[in-house]
$ cat my_file.csv   # CSV, C-alpha atoms and all ligand atoms
chain,number,residue,atom,x,y,z
W,1266,MET,CA,-47.7,240.0,89.7
W,1267,VAL,CA,-47.0,243.2,87.9
W,1268,ASP,CA,-49.8,244.3,85.6
W,1269,ILE,CA,-48.3,246.7,83.1
W,1270,HIS,CA,-51.6,247.3,81.4
W,1271,ALA,CA,-53.0,248.6,84.7
W,1272,LEU,CA,-49.8,250.5,85.5
W,1273,VAL,CA,-49.7,252.7,82.3
W,1274,ARG,CA,-51.7,256.0,82.3
W,1275,PRO,CA,-55.1,255.3,80.9
W,1276,HIS,CA,-55.0,257.9,78.2
W,1277,ILE,CA,-51.7,256.6,76.9
W,1278,ARG,CA,-53.0,253.0,77.0
W,1279,ASP,CA,-55.9,254.3,74.8
W,1280,LEU,CA,-53.9,256.7,72.6
W,1281,LYS,CA,-54.0,256.3,68.9
W,1282,PRO,CA,-50.4,257.2,67.9
W,1283,TYR,CA,-49.4,259.2,64.9
W,1284,SER,CA,-49.0,257.1,61.8
W,1285,SER,CA,-46.1,258.3,59.7
W,1286,ALA,CA,-45.7,257.8,56.0
W,1287,ARG,CA,-43.0,255.3,56.8
W,1288,ASP,CA,-45.4,253.5,59.2
W,1289,GLU,CA,-47.9,253.0,56.5
W,1290,TYR,CA,-45.5,251.8,53.8
W,1291,THR,CA,-42.4,250.1,55.0
W,1292,GLY,CA,-40.9,248.8,51.7
W,1293,SER,CA,-37.6,250.3,50.4
W,1294,GLU,CA,-38.3,250.0,46.7
W,1295,GLY,CA,-40.7,252.2,44.8
W,1296,VAL,CA,-41.7,255.7,43.7
W,1297,PHE,CA,-41.9,257.6,47.0
W,1298,LEU,CA,-44.4,260.4,46.7
W,1299,ASP,CA,-45.9,260.0,50.2
W,1300,ALA,CA,-43.9,262.0,52.6
W,1301,ASN,CA,-43.4,265.4,51.0
W,1302,GLU,CA,-39.7,264.9,50.9
W,1303,ASN,CA,-37.5,266.7,48.4
W,1304,ALA,CA,-37.4,264.3,45.4
W,1305,LEU,CA,-34.3,266.0,43.9
W,1306,GLY,CA,-32.0,265.1,46.7
W,1307,SER,CA,-30.4,267.0,49.6
W,1308,ILE,CA,-28.1,270.0,49.8
W,1309,THR,CA,-25.3,267.6,51.0
W,1310,GLU,CA,-23.7,264.8,49.1
W,1311,ARG,CA,-25.6,262.2,51.1
W,1312,PRO,CA,-29.3,261.3,50.5
W,1313,TRP,CA,-30.6,262.8,53.7
W,1314,ASN,CA,-33.7,264.0,51.8
W,1315,ARG,CA,-35.5,260.8,52.9
W,1316,TYR,CA,-37.0,260.3,56.3
W,1317,PRO,CA,-35.2,257.6,58.4
W,1318,ASP,CA,-36.7,254.3,59.6
W,1319,PRO,CA,-38.9,255.4,62.6
W,1320,TYR,CA,-38.2,252.1,64.4
W,1321,GLN,CA,-34.6,251.7,63.4
W,1322,ARG,CA,-35.1,248.1,62.3
W,1323,THR,CA,-31.7,247.4,60.8
W,1324,LEU,CA,-29.8,249.0,63.7
W,1325,LYS,CA,-32.1,247.5,66.3
W,1326,ALA,CA,-31.7,244.0,64.9
W,1327,LYS,CA,-27.9,244.3,65.1
W,1328,VAL,CA,-27.9,245.8,68.6
W,1329,ALA,CA,-30.4,243.2,69.9
W,1330,GLU,CA,-28.2,240.4,68.5
W,1331,LEU,CA,-25.1,241.8,70.2
W,1332,LYS,CA,-27.0,242.1,73.5
W,1333,GLY,CA,-28.7,238.8,73.3
W,1334,VAL,CA,-32.3,240.1,73.4
W,1335,ALA,CA,-35.2,240.1,70.9
W,1336,PRO,CA,-35.6,243.3,68.9
W,1337,GLU,CA,-39.0,243.8,70.6
W,1338,GLN,CA,-37.1,244.0,73.9
W,1339,LEU,CA,-35.0,247.0,72.8
W,1340,PHE,CA,-35.9,250.6,72.5
W,1341,LEU,CA,-33.4,253.1,70.9
W,1342,GLY,CA,-33.6,256.7,72.0
W,1343,ASN,CA,-31.9,260.1,71.7
W,1344,GLY,CA,-29.6,259.4,74.6
W,1345,SER,CA,-30.8,257.6,77.8
W,1346,ASP,CA,-32.6,260.9,78.5
W,1347,GLU,CA,-35.3,260.0,76.0
W,1348,PRO,CA,-36.4,256.7,77.5
W,1349,ILE,CA,-36.3,258.3,81.0
W,1350,ASP,CA,-38.6,261.1,79.8
W,1351,LEU,CA,-40.9,258.6,77.9
W,1352,LEU,CA,-41.2,256.4,81.0
W,1353,PHE,CA,-42.5,259.3,83.0
W,1354,ARG,CA,-44.9,260.3,80.3
W,1355,ALA,CA,-46.3,256.8,79.9
W,1356,PHE,CA,-46.5,255.8,83.6
W,1357,CYS,CA,-46.8,258.8,85.9
W,1358,GLU,CA,-49.8,260.9,86.4
W,1359,PRO,CA,-48.6,264.5,87.1
W,1360,LYS,CA,-49.2,265.7,90.7
W,1361,THR,CA,-50.6,262.3,91.7
W,1362,ASP,CA,-48.1,259.5,91.1
W,1363,HIS,CA,-44.5,259.5,92.4
W,1364,VAL,CA,-41.2,257.7,91.8
W,1365,ILE,CA,-38.4,256.7,94.2
W,1366,ILE,CA,-34.8,257.6,93.7
W,1367,ASN,CA,-31.7,256.8,95.8
W,1368,PRO,CA,-29.5,259.8,96.1
W,1369,PRO,CA,-26.7,260.5,95.7
W,1370,THR,CA,-27.4,259.4,92.1
W,1371,TYR,CA,-27.7,260.6,88.5
W,1372,GLY,CA,-29.5,264.0,88.5
W,1373,MET,CA,-31.6,263.4,85.4
W,1374,TYR,CA,-34.2,261.2,87.3
W,1375,GLN,CA,-35.0,264.2,89.6
W,1376,VAL,CA,-35.1,266.7,86.7
W,1377,SER,CA,-37.3,264.5,84.5
W,1378,ALA,CA,-39.6,264.0,87.5
W,1379,ASP,CA,-39.7,267.8,88.0
W,1380,ILE,CA,-40.4,268.4,84.4
W,1381,HIS,CA,-43.4,266.1,84.6
W,1382,GLN,CA,-44.6,267.4,88.0
W,1383,VAL,CA,-44.1,264.0,89.5
W,1384,GLU,CA,-42.6,263.8,93.0
W,1385,ALA,CA,-39.3,262.0,93.3
W,1386,LYS,CA,-39.2,260.6,96.8
W,1387,ALA,CA,-35.7,260.2,98.0
W,1388,VAL,CA,-34.5,257.1,99.9
W,1389,PRO,CA,-30.8,258.0,100.4
W,1390,LEU,CA,-28.2,255.3,100.0
W,1391,THR,CA,-26.6,254.0,103.2
W,1392,THR,CA,-23.2,255.6,104.1
W,1393,ASP,CA,-21.4,252.8,102.3
W,1394,PHE,CA,-23.6,253.6,99.2
W,1395,GLN,CA,-25.8,250.5,99.3
W,1396,LEU,CA,-29.6,250.6,98.7
W,1397,ASP,CA,-31.7,251.0,101.8
W,1398,VAL,CA,-34.2,248.3,100.7
W,1399,GLU,CA,-36.2,248.6,103.9
W,1400,GLY,CA,-36.5,252.3,103.5
W,1401,ILE,CA,-37.6,251.8,99.8
W,1402,THR,CA,-40.1,249.1,100.8
W,1403,SER,CA,-41.7,251.1,103.6
W,1404,LEU,CA,-42.2,254.1,101.3
W,1405,TRP,CA,-43.9,252.6,98.3
W,1406,ASN,CA,-47.6,252.6,97.8
W,1407,ALA,CA,-50.1,252.3,95.0
W,1408,GLN,CA,-49.0,255.7,93.6
W,1409,THR,CA,-45.4,254.6,93.3
W,1410,LYS,CA,-44.9,253.9,89.6
W,1411,MET,CA,-41.1,253.6,89.2
W,1412,ILE,CA,-37.9,253.1,91.3
W,1413,PHE,CA,-34.7,254.2,89.7
W,1414,ILE,CA,-31.6,252.2,90.6
W,1415,CYS,CA,-28.3,253.4,89.1
W,1416,SER,CA,-25.7,250.6,89.0
W,1417,PRO,CA,-22.8,251.3,88.7
W,1418,ASN,CA,-24.0,254.4,90.4
W,1419,ASN,CA,-23.1,257.9,89.3
W,1420,PRO,CA,-21.4,259.7,91.2
W,1421,THR,CA,-20.3,257.1,93.7
W,1422,GLY,CA,-19.0,254.6,91.2
W,1423,ASN,CA,-20.1,251.4,92.9
W,1424,GLU,CA,-22.7,248.9,91.7
W,1425,MET,CA,-25.7,247.9,93.8
W,1426,PRO,CA,-25.7,244.4,95.2
W,1427,TYR,CA,-27.5,242.0,93.0
W,1428,ALA,CA,-29.5,240.5,95.8
W,1429,GLN,CA,-30.8,244.0,96.8
W,1430,VAL,CA,-31.9,244.8,93.3
W,1431,GLU,CA,-33.6,241.4,93.1
W,1432,GLN,CA,-35.4,242.0,96.3
W,1433,VAL,CA,-36.9,245.2,94.9
W,1434,LEU,CA,-37.7,243.6,91.6
W,1435,LYS,CA,-39.5,240.7,93.2
W,1436,ASN,CA,-41.6,242.7,95.6
W,1437,PHE,CA,-42.4,246.0,93.9
W,1438,HIS,CA,-45.6,246.3,91.9
W,1439,GLY,CA,-44.3,249.1,89.6
W,1440,LEU,CA,-41.3,249.4,87.2
W,1441,VAL,CA,-37.8,249.0,88.4
W,1442,VAL,CA,-35.5,251.0,86.1
W,1443,VAL,CA,-31.9,249.9,86.4
W,1444,ASP,CA,-29.5,252.4,84.8
W,1445,GLU,CA,-26.4,250.6,83.5
W,1446,ALA,CA,-24.7,253.4,81.8
W,1447,TYR,CA,-21.3,252.1,83.1
W,1448,ILE,CA,-21.9,248.4,82.9
W,1449,ASP,CA,-19.2,247.9,80.2
W,1450,PHE,CA,-16.6,248.9,82.8
W,1451,SER,CA,-17.9,246.4,85.4
W,1452,GLU,CA,-17.2,242.7,85.8
W,1453,SER,CA,-20.8,242.0,86.7
W,1454,PRO,CA,-23.4,240.7,84.3
W,1455,SER,CA,-26.1,243.0,83.0
W,1456,TRP,CA,-29.6,242.8,84.3
W,1457,ILE,CA,-30.8,242.4,80.7
W,1458,GLN,CA,-30.0,238.7,81.1
W,1459,ARG,CA,-33.0,238.5,83.5
W,1460,LEU,CA,-35.6,240.4,81.5
W,1461,GLU,CA,-37.7,237.3,81.0
W,1462,GLU,CA,-37.9,236.7,84.7
W,1463,PHE,CA,-39.0,240.2,85.7
W,1464,PRO,CA,-41.9,241.8,83.7
W,1465,ASN,CA,-41.3,245.0,85.6
W,1466,LEU,CA,-37.7,245.4,84.8
W,1467,VAL,CA,-36.4,248.2,82.5
W,1468,VAL,CA,-32.6,248.4,81.9
W,1469,LEU,CA,-31.0,251.5,80.5
W,1470,GLN,CA,-27.7,251.4,78.7
W,1471,THR,CA,-26.0,254.0,76.5
W,1472,PHE,CA,-23.5,254.4,73.7
W,1473,SER,CA,-22.2,257.5,75.4
W,1474,LYS,CA,-19.6,256.0,77.7
W,1475,ALA,CA,-17.7,252.8,76.8
W,1476,TRP,CA,-18.5,253.1,73.1
W,1477,GLY,CA,-17.2,256.7,72.9
W,1478,LEU,CA,-20.3,258.0,71.1
W,1479,ALA,CA,-21.7,260.6,73.5
W,1480,GLY,CA,-21.8,263.2,70.7
W,1481,LEU,CA,-24.2,261.0,68.6
W,1482,ARG,CA,-26.8,260.7,71.3
W,1483,LEU,CA,-27.9,257.0,71.4
W,1484,GLY,CA,-29.4,255.4,74.4
W,1485,MET,CA,-31.0,251.9,74.9
W,1486,ALA,CA,-33.8,250.7,77.0
W,1487,PHE,CA,-34.4,247.0,77.5
W,1488,ALA,CA,-37.8,245.8,78.7
W,1489,SER,CA,-40.7,243.6,77.8
W,1490,ALA,CA,-42.4,244.2,74.4
W,1491,GLU,CA,-45.4,245.4,76.4
W,1492,ILE,CA,-43.6,248.2,78.2
W,1493,LEU,CA,-41.7,249.2,75.1
W,1494,GLY,CA,-44.9,249.2,73.0
W,1495,PHE,CA,-46.1,252.1,75.1
W,1496,LEU,CA,-42.8,254.0,74.7
W,1497,ASN,CA,-42.9,253.4,70.9
W,1498,LYS,CA,-46.5,254.7,70.9
W,1499,ILE,CA,-45.6,258.1,72.4
W,1500,LYS,CA,-42.1,258.8,71.0
W,1501,ALA,CA,-41.5,261.4,68.3
W,1502,PRO,CA,-42.0,259.4,65.1
W,1503,TYR,CA,-38.5,259.9,63.8
W,1504,ASN,CA,-36.6,260.1,67.1
W,1505,LEU,CA,-33.2,259.0,65.7
W,1506,SER,CA,-31.7,260.6,62.7
W,1507,GLY,CA,-30.5,258.6,59.7
W,1508,LEU,CA,-27.0,259.8,60.3
W,1509,VAL,CA,-27.0,258.3,63.8
W,1510,GLN,CA,-28.5,255.0,62.7
W,1511,GLU,CA,-26.1,254.7,59.8
W,1512,THR,CA,-23.0,255.7,61.8
W,1513,VAL,CA,-23.7,253.3,64.7
W,1514,LEU,CA,-24.6,250.5,62.4
W,1515,GLU,CA,-21.1,250.8,60.8
W,1516,ALA,CA,-19.5,251.2,64.3
W,1517,LEU,CA,-21.0,247.9,65.3
W,1518,ASN,CA,-18.6,246.2,62.9
W,1519,HIS,CA,-15.8,247.3,65.3
W,1520,VAL,CA,-16.9,246.0,68.6
W,1521,GLU,CA,-13.4,244.9,69.3
W,1522,LYS,CA,-12.4,248.6,69.3
W,1523,LYS,CA,-14.8,249.3,72.1
W,1524,ASP,CA,-13.3,246.3,74.0
W,1525,GLU,CA,-9.8,247.6,73.5
W,1526,MET,CA,-10.7,251.1,74.7
W,1527,VAL,CA,-12.4,249.6,77.8
W,1528,ALA,CA,-9.4,247.5,78.6
W,1529,GLN,CA,-7.1,250.5,78.1
W,1530,LEU,CA,-9.3,252.7,80.3
W,1531,LEU,CA,-9.4,250.0,83.0
W,1532,GLN,CA,-5.6,249.9,83.0
W,1533,ASN,CA,-5.4,253.7,83.2
W,1534,LYS,CA,-8.0,253.5,86.0
W,1535,GLN,CA,-5.8,251.2,88.1
W,1536,ALA,CA,-2.8,253.5,87.7
W,1537,LEU,CA,-4.8,256.6,88.5
W,1538,GLU,CA,-6.3,255.0,91.6
W,1539,ALA,CA,-2.8,254.1,92.9
W,1540,ASP,CA,-1.6,257.7,92.2
W,1541,LEU,CA,-4.6,259.3,93.9
W,1542,LYS,CA,-4.2,257.1,97.0
W,1543,GLY,CA,-0.6,258.3,97.3
W,1544,LEU,CA,-1.6,261.9,97.8
W,1545,PRO,CA,-1.5,263.0,101.4
W,1546,PHE,CA,-4.7,265.1,101.3
W,1547,VAL,CA,-6.7,262.3,99.7
W,1548,GLN,CA,-8.9,260.7,102.4
W,1549,LYS,CA,-10.6,258.1,100.3
W,1550,VAL,CA,-10.8,256.8,96.8
W,1551,TYR,CA,-14.2,255.0,96.8
W,1552,PRO,CA,-14.3,251.6,95.1
W,1553,SER,CA,-15.4,252.0,91.5
W,1554,ASP,CA,-17.1,249.7,89.0
W,1555,ALA,CA,-17.1,252.5,86.4
W,1556,ASN,CA,-14.8,254.8,84.5
W,1557,PHE,CA,-14.5,257.4,87.2
W,1558,PHE,CA,-13.8,257.7,90.9
W,1559,LEU,CA,-15.5,259.6,93.7
W,1560,VAL,CA,-12.5,260.9,95.7
W,1561,LYS,CA,-12.9,262.4,99.2
W,1562,MET,CA,-10.2,264.9,99.9
W,1563,LYS,CA,-9.5,267.7,102.4
W,1564,ASP,CA,-10.8,271.0,101.1
W,1565,ALA,CA,-12.2,269.5,97.9
W,1566,LYS,CA,-13.9,272.7,96.8
W,1567,ALA,CA,-10.7,274.7,97.0
W,1568,ILE,CA,-8.8,272.0,95.2
W,1569,PHE,CA,-11.5,271.9,92.5
W,1570,ASN,CA,-11.1,275.6,92.0
W,1571,ARG,CA,-7.3,275.5,91.8
W,1572,LEU,CA,-7.5,272.7,89.2
W,1573,ILE,CA,-10.0,274.8,87.2
W,1574,ALA,CA,-7.5,277.7,87.2
W,1575,GLN,CA,-5.1,275.3,85.4
W,1576,LYS,CA,-7.8,274.2,83.0
W,1577,ILE,CA,-8.1,270.8,84.6
W,1578,ILE,CA,-11.8,270.1,85.0
W,1579,VAL,CA,-13.2,267.5,87.3
W,1580,ARG,CA,-16.7,267.4,88.7
W,1581,ASP,CA,-17.3,269.0,92.1
W,1582,ARG,CA,-19.7,266.8,94.1
W,1583,SER,CA,-18.7,268.3,97.4
W,1584,GLY,CA,-22.2,269.8,97.9
W,1585,VAL,CA,-24.0,266.5,97.2
W,1586,LEU,CA,-25.6,264.4,99.9
W,1587,LEU,CA,-23.1,261.8,101.3
W,1588,CYS,CA,-20.4,263.1,98.9
W,1589,GLU,CA,-19.1,265.9,101.2
W,1590,ASP,CA,-15.6,266.8,100.2
W,1591,GLY,CA,-16.0,264.6,97.1
W,1592,LEU,CA,-14.7,265.2,93.6
W,1593,ARG,CA,-15.7,263.0,90.7
W,1594,ILE,CA,-12.8,262.3,88.5
W,1595,THR,CA,-13.2,260.6,85.1
W,1596,VAL,CA,-10.4,258.3,84.0
W,1597,GLY,CA,-8.6,260.0,81.1
W,1598,THR,CA,-5.7,259.1,78.9
W,1599,SER,CA,-2.5,258.2,80.7
W,1600,GLN,CA,-1.2,261.7,79.7
W,1601,GLU,CA,-4.3,263.4,81.1
W,1602,ASN,CA,-4.2,261.4,84.3
W,1603,HIS,CA,-0.5,262.3,84.6
W,1604,THR,CA,-1.3,266.0,84.1
W,1605,LEU,CA,-4.0,265.8,86.8
W,1606,VAL,CA,-1.8,263.9,89.3
W,1607,GLU,CA,1.2,266.2,88.8
W,1608,ALA,CA,-1.1,269.3,89.3
W,1609,LEU,CA,-2.5,267.7,92.5
W,1610,LYS,CA,1.0,267.0,93.8
W,1611,ALA,CA,2.1,270.6,93.2
W,1612,LEU,CA,-0.8,272.1,95.2
L,1701,LIG,C1,-23.8,259.3,81.4
L,1701,LIG,C2,-25.0,258.7,82.0
L,1701,LIG,C3,-26.0,258.3,81.2
L,1701,LIG,C4,-26.0,258.5,79.7
L,1701,LIG,O1,-26.9,259.4,79.2
L,1701,LIG,P1,-27.0,259.6,77.7
L,1701,LIG,O2,-28.2,260.4,77.6
L,1701,LIG,O3,-27.3,258.2,77.1
L,1701,LIG,O4,-25.8,260.2,77.2
L,1701,LIG,C5,-27.1,257.7,81.7
L,1701,LIG,N1,-27.2,257.4,83.0
L,1701,LIG,C6,-26.2,257.7,83.8
L,1701,LIG,C7,-26.2,257.3,85.3
L,1701,LIG,C8,-25.0,258.4,83.3
L,1701,LIG,O5,-24.1,258.7,84.2
$ encode --input "my_file.csv" --output "C-alpha cells" --more "lines below"
Ligand SMILES: *Cc1c(COP(=O)(O)O)cnc(C)c1O
Amino acid sequence: MVDIHALVRPHIRDLKPYSSARDEYTGSEGVFLDANENALGSITERPWNRYPDPYQRTLKAKVAELKGVAPEQLFLGNGSDEPIDLLFRAFCEPKTDHVIINPPTYGMYQVSADIHQVEAKAVPLTTDFQLDVEGITSLWNAQTKMIFICSPNNPTGNEMPYAQVEQVLKNFHGLVVVDEAYIDFSESPSWIQRLEEFPNLVVLQTFSKAWGLAGLRLGMAFASAEILGFLNKIKAPYNLSGLVQETVLEALNHVEKKDEMVAQLLQNKQALEADLKGLPFVQKVYPSDANFFLVKMKDAKAIFNRLIAQKIIVRDRSGVLLCEDGLRITVGTSQENHTLVEALKAL
C-alpha cells in the first residue's frame, strides 16, 4: 500500500504554508483593506487591482465537473510545468532520491529533475516504443519517488498500453505520473477515471494542446486530495492570474469548439499521414495517438534544414535516442500541411 504521508519530504509535510490575505478572508463582499491593493482601481479598464482567488475555486469547480472528478482531486497550475516542478519539490530529496523516466520522452522531466538535483534514471522504451516494465521494476528501490509515463508519448506519438501502466501502478510504492497532454486526440479513456483505485496515481493534462490555449499557460494535475494538499501547500500563493482564470472560465462555455477543432485536426492528420507515406524517402510514419507524427526519413537532418530554409519549421528529433532520422511533425491546417508536403515533394 502506498503511504503518501511517508513518501513526502518531512520538512514539506511539516511546513506551515504562507497564509495570504485571500486565505484568511474568502468572502467576496466587503470593504477590502487587507491586501495592500490599490483601492482606486487599475491602470487598465479591468479591475485587476484585486488579487485573484489563490485556489481558483470557481474555475476549478467547472473543470472538475467537466472532467468528472471532485474539485479536491484537481490542481491547476501555470502550465503542466508547474505541477511537475512542485512534485519534485514535495517528494524528492535532492542528491538522495531519484525518479525514473522512459526516453525518448518529454524533456521537461529530465530538466526538472536536474533543476532539483534529483537523478532521473532512464529506462528506455523498447524499439517499438512500449514500456520496459521489467527494466523499470528491477531498477526501483526505496529512493525511487516517481515514475514518469507520458501517454500518448512525446515525441513518439503512441500511447502506452493500459496493462503496462496498470502493472506499474499496482506494484510501485511511489508516485506514478501519467502525462496525458495529448489525451484529447486519443480514442482511449483517461487514467483520471481510475484515480480512486490508485492512491499513487497523478495524471497531468493541459489546456495547451487540444484547447488551443498554450499562450495562457494552464495545466492540470489530477490526484488524491492528500497528494494535491502538499502541492497546494508549496505553490506560489497566487499561481494563476485572474486574467487566465476568467478567460478559461468563459472558454469552458464553448467545449464544443474544442471538440470541433479536435475532429478537424484528426481529419487533417489522416490526410497528412497518407501524404507523408507517399513520399519515397519517408521510411516510416509511426502510429500516432496525438496531434503529431514522428516520421523516419532518409537524411532527416538535411531535410529539416532545407525546410527551415523555406521557413517551414518541424522538430528535429534525429539526435534523440531511438528516434534516429526522425522528425516530429505537428498536424497543421490543411493549407499548412499542403505547404509542407509540396515542399517535401520538391526536395
Ligand atoms: C506540450 C506538453 C505538455 C504541456 O505543457 P504545458 O506546460 O501545459 O504547456 C505537457 N506534457 C507533454 C508531454 C507535452 O508534450
$ closest_residue --input "my_file.csv" --among "W:Pro1454, W:Phe1463, W:Ala1407, W:Ile1577" --to "Ile1492 of chain W" --atoms "only C-alpha atoms"
W:Phe1463
$ closest_residue --input "my_file.csv" --among "W:Leu1586, W:Ala1501, W:Val1267, W:Ile1568" --to "Gly1439 of chain W" --atoms "only C-alpha atoms"
W:Val1267
$ closest_residue --input "my_file.csv" --among "W:Lys1534, W:Lys1386, W:Lys1561, W:His1363" --to "Ile1401 of chain W" --atoms "only C-alpha atoms"
W:Lys1386
$ closest_atom_pairs --input "my_file.csv" --of "segment 1411-1520 of chain W" --to "segment 1279-1300 of chain W" --cutoff "8 Å" --atoms "all atoms listed in the file" --output "Markdown table"
| residue | atom | partner | partner_atom | distance |
| --- | --- | --- | --- | --- |
| W:Lys1498 | CA | W:Pro1282 | CA | 5.5 |
| W:Ile1499 | CA | W:Pro1282 | CA | 6.6 |
| W:Pro1502 | CA | W:Ser1285 | CA | 6.9 |
$ atom_distance --input "my_file.csv" --atom1 "atom CA of Thr1595 of chain W" --atom2 "atom CA of Val1443 of chain W"
21.6 Å
$ build_atoms --input "my_file.csv" --residues "segment 1594-1602 of chain W" --atoms "all heavy atoms" --output "PDB file, keeping the file's coordinate frame"
ATOM      1  N   ILE W1594     -13.899 262.154  89.471  1.00  0.00           N
ATOM      2  CA  ILE W1594     -12.800 262.300  88.500  1.00  0.00           C
ATOM      3  C   ILE W1594     -12.949 261.176  87.453  1.00  0.00           C
ATOM      4  O   ILE W1594     -12.906 259.986  87.774  1.00  0.00           O
ATOM      5  CB  ILE W1594     -11.447 262.180  89.209  1.00  0.00           C
ATOM      6  CG1 ILE W1594     -11.336 263.303  90.258  1.00  0.00           C
ATOM      7  CG2 ILE W1594     -10.311 262.252  88.187  1.00  0.00           C
ATOM      8  CD1 ILE W1594     -10.049 263.279  91.064  1.00  0.00           C
ATOM      9  N   THR W1595     -13.115 261.580  86.198  1.00  0.00           N
ATOM     10  CA  THR W1595     -13.200 260.600  85.100  1.00  0.00           C
ATOM     11  C   THR W1595     -11.810 260.128  84.744  1.00  0.00           C
ATOM     12  O   THR W1595     -10.862 260.916  84.715  1.00  0.00           O
ATOM     13  CB  THR W1595     -13.830 261.284  83.857  1.00  0.00           C
ATOM     14  OG1 THR W1595     -15.049 261.908  84.230  1.00  0.00           O
ATOM     15  CG2 THR W1595     -14.090 260.257  82.757  1.00  0.00           C
ATOM     16  N   VAL W1596     -11.681 258.831  84.476  1.00  0.00           N
ATOM     17  CA  VAL W1596     -10.400 258.300  84.000  1.00  0.00           C
ATOM     18  C   VAL W1596     -10.132 258.816  82.607  1.00  0.00           C
ATOM     19  O   VAL W1596     -10.980 258.699  81.716  1.00  0.00           O
ATOM     20  CB  VAL W1596     -10.460 256.741  84.001  1.00  0.00           C
ATOM     21  CG1 VAL W1596      -9.173 256.168  83.423  1.00  0.00           C
ATOM     22  CG2 VAL W1596     -10.729 256.195  85.397  1.00  0.00           C
ATOM     23  N   GLY W1597      -8.972 259.414  82.428  1.00  0.00           N
ATOM     24  CA  GLY W1597      -8.600 260.000  81.100  1.00  0.00           C
ATOM     25  C   GLY W1597      -7.559 259.120  80.417  1.00  0.00           C
ATOM     26  O   GLY W1597      -7.339 257.950  80.770  1.00  0.00           O
ATOM     27  N   THR W1598      -6.881 259.704  79.458  1.00  0.00           N
ATOM     28  CA  THR W1598      -5.700 259.100  78.900  1.00  0.00           C
ATOM     29  C   THR W1598      -4.602 259.037  79.895  1.00  0.00           C
ATOM     30  O   THR W1598      -4.671 259.773  80.891  1.00  0.00           O
ATOM     31  CB  THR W1598      -5.220 259.853  77.623  1.00  0.00           C
ATOM     32  OG1 THR W1598      -4.776 261.142  78.086  1.00  0.00           O
ATOM     33  CG2 THR W1598      -6.319 260.040  76.587  1.00  0.00           C
ATOM     34  N   SER W1599      -3.555 258.237  79.673  1.00  0.00           N
ATOM     35  CA  SER W1599      -2.500 258.200  80.700  1.00  0.00           C
ATOM     36  C   SER W1599      -1.869 259.623  80.799  1.00  0.00           C
ATOM     37  O   SER W1599      -1.512 260.058  81.895  1.00  0.00           O
ATOM     38  CB  SER W1599      -1.365 257.223  80.337  1.00  0.00           C
ATOM     39  OG  SER W1599      -1.688 256.428  79.275  1.00  0.00           O
ATOM     40  N   GLN W1600      -1.779 260.320  79.664  1.00  0.00           N
ATOM     41  CA  GLN W1600      -1.200 261.700  79.700  1.00  0.00           C
ATOM     42  C   GLN W1600      -2.107 262.610  80.518  1.00  0.00           C
ATOM     43  O   GLN W1600      -1.596 263.358  81.356  1.00  0.00           O
ATOM     44  CB  GLN W1600      -1.120 262.196  78.224  1.00  0.00           C
ATOM     45  CG  GLN W1600      -0.513 263.579  78.107  1.00  0.00           C
ATOM     46  CD  GLN W1600       0.889 263.646  78.725  1.00  0.00           C
ATOM     47  OE1 GLN W1600       1.758 262.840  78.387  1.00  0.00           O
ATOM     48  NE2 GLN W1600       1.103 264.578  79.658  1.00  0.00           N
ATOM     49  N   GLU W1601      -3.406 262.552  80.309  1.00  0.00           N
ATOM     50  CA  GLU W1601      -4.300 263.400  81.100  1.00  0.00           C
ATOM     51  C   GLU W1601      -4.275 263.090  82.562  1.00  0.00           C
ATOM     52  O   GLU W1601      -4.253 263.993  83.403  1.00  0.00           O
ATOM     53  CB  GLU W1601      -5.764 263.242  80.553  1.00  0.00           C
ATOM     54  CG  GLU W1601      -5.999 263.868  79.186  1.00  0.00           C
ATOM     55  CD  GLU W1601      -7.338 263.473  78.584  1.00  0.00           C
ATOM     56  OE1 GLU W1601      -7.885 262.409  78.937  1.00  0.00           O
ATOM     57  OE2 GLU W1601      -7.843 264.222  77.728  1.00  0.00           O
ATOM     58  N   ASN W1602      -4.249 261.807  82.866  1.00  0.00           N
ATOM     59  CA  ASN W1602      -4.200 261.400  84.300  1.00  0.00           C
ATOM     60  C   ASN W1602      -2.895 261.903  84.921  1.00  0.00           C
ATOM     61  O   ASN W1602      -2.877 262.347  86.062  1.00  0.00           O
ATOM     62  CB  ASN W1602      -4.310 259.898  84.412  1.00  0.00           C
ATOM     63  CG  ASN W1602      -5.649 259.392  83.908  1.00  0.00           C
ATOM     64  OD1 ASN W1602      -6.604 260.159  83.799  1.00  0.00           O
ATOM     65  ND2 ASN W1602      -5.715 258.112  83.582  1.00  0.00           N
TER      66      ASN W1602
END
